[in-house]
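**Student:** query_16.cif is the file, holding mmCIF, C-alpha atoms:
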data_entry
loop_
_atom_site.label_atom_id
_atom_site.label_comp_id
_atom_site.auth_asym_id
_atom_site.auth_seq_id
_atom_site.Cartn_x
_atom_site.Cartn_y
_atom_site.Cartn_z
CA MET A 1 13.24 -15.08 -39.47
CA GLU A 2 12.99 -11.32 -39.46
CA THR A 3 15.29 -8.96 -37.59
CA ARG A 4 13.87 -5.63 -36.48
CA THR A 5 15.85 -2.68 -35.31
CA TYR A 6 14.31 0.08 -33.25
CA ASN A 7 15.30 2.57 -30.61
CA VAL A 8 14.54 2.19 -26.93
CA TYR A 9 14.35 4.97 -24.39
CA LYS A 10 14.50 5.48 -20.66
CA ILE A 11 11.32 6.85 -19.12
CA ASP A 12 12.81 10.35 -18.87
CA GLU A 13 13.79 10.30 -22.55
CA LEU A 14 10.29 9.57 -23.84
CA PRO A 15 8.13 12.29 -25.35
CA LYS A 16 5.27 13.38 -23.06
CA GLU A 17 2.61 11.25 -24.78
CA ALA A 18 4.75 8.10 -24.74
CA LYS A 19 5.66 8.69 -21.10
CA GLU A 20 1.99 9.04 -20.17
CA LYS A 21 1.20 5.87 -22.10
CA ALA A 22 3.99 3.97 -20.30
CA ILE A 23 2.61 5.09 -16.92
CA GLU A 24 -0.94 4.09 -17.88
CA ASN A 25 0.29 0.70 -19.15
CA TRP A 26 2.02 0.18 -15.81
CA ARG A 27 -1.15 1.01 -13.88
CA ALA A 28 -3.16 -1.40 -16.02
CA THR A 29 -0.87 -4.34 -15.30
CA ASP A 30 0.61 -3.71 -11.85
CA ASP A 31 -0.98 -4.66 -8.55
CA TYR A 32 -0.55 -2.96 -5.20
CA VAL A 33 2.35 -4.96 -3.76
CA TRP A 34 1.85 -4.22 -0.05
CA HIS A 35 -1.74 -5.48 0.24
CA GLU A 36 -0.84 -8.77 1.94
CA GLU A 37 1.46 -7.10 4.47
CA ASN A 38 -1.22 -4.55 5.35
CA VAL A 39 -3.76 -7.33 5.89
CA LYS A 40 -1.30 -9.28 8.06
CA SER A 41 -0.90 -6.21 10.28
CA LEU A 42 -4.66 -5.94 10.74
CA GLU A 43 -4.97 -9.69 11.38
CA ALA A 44 -2.15 -9.63 13.95
CA PHE A 45 -3.76 -6.68 15.71
CA CYS A 46 -7.13 -8.44 15.85
CA ASP A 47 -5.51 -11.69 17.03
CA TYR A 48 -3.60 -9.83 19.74
CA PHE A 49 -6.80 -8.35 21.17
CA ASN A 50 -8.94 -11.40 20.35
CA ILE A 51 -11.44 -9.48 18.23
CA ASN A 52 -13.12 -10.41 14.97
CA ILE A 53 -11.70 -8.86 11.83
CA PRO A 54 -14.25 -6.42 10.44
CA ASN A 55 -15.36 -6.13 6.85
CA TYR A 56 -13.08 -3.68 5.12
CA GLU A 57 -12.00 -2.48 1.72
CA TYR A 58 -9.42 0.01 0.62
CA SER A 59 -8.49 1.59 -2.67
CA TYR A 60 -8.81 5.27 -3.55
CA SER A 61 -11.69 5.31 -1.12
CA GLY A 62 -12.18 2.91 1.69
CA HIS A 63 -14.41 1.87 4.49
CA ILE A 64 -14.24 -0.30 7.53
CA ASP A 65 -17.21 -1.67 9.44
CA SER A 66 -16.79 -1.82 13.17
CA SER A 67 -18.71 -0.88 16.22
CA ASP A 68 -16.56 1.03 18.63
CA ILE A 69 -15.01 -1.55 20.91
CA ILE A 70 -12.99 -0.12 23.73
CA ILE A 71 -10.12 -2.31 24.90
CA ASP A 72 -9.04 -2.19 28.52
CA LEU A 73 -5.35 -1.98 27.83
CA LYS A 74 -4.51 -3.09 31.39
CA GLU A 75 -5.51 -6.62 30.38
CA PHE A 76 -2.84 -6.78 27.67
CA ALA A 77 0.90 -6.30 27.49
CA PRO A 78 1.53 -2.86 26.00
CA LEU A 79 2.07 -2.63 22.27
CA LYS A 80 5.29 -0.64 21.94
CA ASP A 81 6.46 -1.08 18.38
CA SER A 82 5.77 -3.01 15.22
CA ASP A 83 7.73 -6.03 16.45
CA ASP A 84 4.78 -6.64 18.79
CA LEU A 85 2.62 -7.43 15.74
CA THR A 86 4.22 -8.21 12.36
CA GLY A 87 7.19 -5.86 12.12
CA TYR A 88 5.68 -4.12 9.09
CA CYS A 89 5.02 -0.37 8.96
CA ALA A 90 1.21 -0.83 8.78
CA ASP A 91 1.43 -1.91 12.45
CA PHE A 92 2.29 1.64 13.57
CA PRO A 93 -1.07 3.35 12.95
CA LEU A 94 -2.85 0.52 14.76
CA ILE A 95 -0.48 0.68 17.74
CA GLU A 96 -0.51 4.46 18.02
CA ALA A 97 -4.30 4.69 17.82
CA ILE A 98 -5.07 1.89 20.28
CA ASN A 99 -2.52 3.21 22.77
CA LYS A 100 -4.10 6.65 22.61
CA ASN A 101 -7.51 5.72 24.04
CA GLY A 102 -8.15 2.01 23.60
CA SER A 103 -10.63 2.58 20.75
CA VAL A 104 -10.58 -0.27 18.25
CA SER A 105 -12.63 1.81 15.83
CA ASN A 106 -10.00 4.57 15.91
CA ALA A 107 -7.26 1.97 15.37
CA PHE A 108 -9.09 0.48 12.38
CA GLN A 109 -9.63 3.95 10.93
CA ALA A 110 -5.95 4.87 11.40
CA TRP A 111 -4.92 1.62 9.67
CA LEU A 112 -7.33 2.26 6.82
CA GLU A 113 -6.07 5.82 6.34
CA PHE A 114 -2.50 4.52 6.26
CA CYS A 115 -3.43 1.90 3.65
CA ILE A 116 -5.27 4.38 1.45
CA LYS A 117 -2.39 6.85 1.62
CA ASP A 118 0.14 4.15 0.76
CA TYR A 119 -2.03 2.73 -2.03
CA THR A 120 -2.53 6.19 -3.49
CA TYR A 121 1.20 6.91 -3.40
CA SER A 122 2.05 3.56 -4.99
CA ASP A 123 -0.25 4.42 -7.90
CA SER A 124 1.13 7.94 -8.33
CA ASP A 125 3.08 9.02 -11.41
CA LYS A 126 6.02 9.89 -9.14
CA ASN A 127 6.26 6.40 -7.65
CA ILE A 128 5.74 4.61 -10.97
CA ILE A 129 8.47 6.70 -12.61
CA GLU A 130 10.82 5.97 -9.69
CA ILE A 131 10.21 2.23 -10.10
CA MET A 132 10.88 2.47 -13.83
CA GLN A 133 14.08 4.42 -13.22
CA ASP A 134 15.30 2.20 -10.38
CA ASN A 135 14.78 -0.91 -12.50
CA ASP A 136 16.39 0.67 -15.55
CA TYR A 137 13.47 -0.19 -17.86
CA ASP A 138 13.64 0.55 -21.56
CA PHE A 139 10.61 1.70 -23.55
CA THR A 140 9.55 1.98 -27.14
CA LEU A 141 8.15 5.23 -28.52
CA GLU A 142 4.72 3.65 -28.04
CA GLY A 143 5.29 3.53 -24.27
CA GLU A 144 5.71 -0.24 -24.16
CA ILE A 145 8.35 -1.86 -21.96
CA ASP A 146 11.01 -3.43 -24.15
#
Represent the supplied structure as structure tokens.
**Tutor:**
Amino acid sequence: METRTYNVYKIDELPKEAKEKAIENWRATDDYVWHEENVKSLEAFCDYFNINIPNYEYSYSGHIDSSDIIIDLKEFAPLKDSDDLTGYCADFPLIEAINKNGSVSNAFQAWLEFCIKDYTYSDSDKNIIEIMQDNDYDFTLEGEID
């Protein structure tokens, strides 16, 4: 058996290059954690209005395929808050947009913009560093989590 001794550092203690390496390592191994909740919001919205879920994709750029369906909101109980769908924050852009003019396309676009913004933030240096700090991770000088 061999015993090795080395120093570990908090993210803020690392030299610039090691800090950048730690952030890049995180990006390479971490997934966007809110994907499933976002999808559940869209599914609940579509179920509520009995419409087919469109093809969609989101990352740094996104798209959503939908013809503009206008919902006659008088036929449905009003959507007031996220508890009417899933209770998750991705419900809000859908609710706000559909309540504005009944346009499903506008609601899908608002949801997609929310998802892209959230995804982009989750992948930002600021957010990654906050996660590392909040979880009190230690790093080697090579930027590896110890």
**Student:** Calculated over all atoms listed in the file, which of the candidates A:Pro93, A:Ser41, A:Asn25, A:Ser105 has the smallest distance to Pro54 (chain A)?
**Tutor:**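 Between A:Pro93, A:Ser41, A:Asn25, A:Ser105, the residue approaching Pro54 (chain A) most closely is A:Ser105.
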**Student:** Report as a ChimeraX atom specification the full result of the PyMOL selection byres ((chain A and resi 131-145) around 7) when it is applied to this structure.
**Tutor:** /A:7-11,14,18-19,21-22,127-130,146
**Student:** In Å, rounded to a single decimal, give me how far CA of Asn52 (chain A) is from CA of Ile95 (chain A).
**Tutor:** 17.0 Å
**Student:** From the options A:Asp12, A:Glu96, A:Glu37, A:Glu113, which residue's atoms come nearest to Asp81 (chain A), counting all atoms listed in the file?
**Tutor:**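 Ranked by minimum distance to Asp81 (chain A), first place goes to A:Glu96.
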**Student:** Residues picked by the PyMOL selection byres ((chain A and resi 89) around 12) here, as a list in words?
**Tutor:** Trp34, Glu37, Asn38, Val39, Lys40, Ser41, Leu42, Asp81, Ser82, Asp83, Asp84, Leu85, Thr86, Gly87, Tyr88, Ala90, Asp91, Phe92, Pro93, Leu94, Ile95, Glu96, Trp111, Phe114, Cys115 and Asp118 of chain A
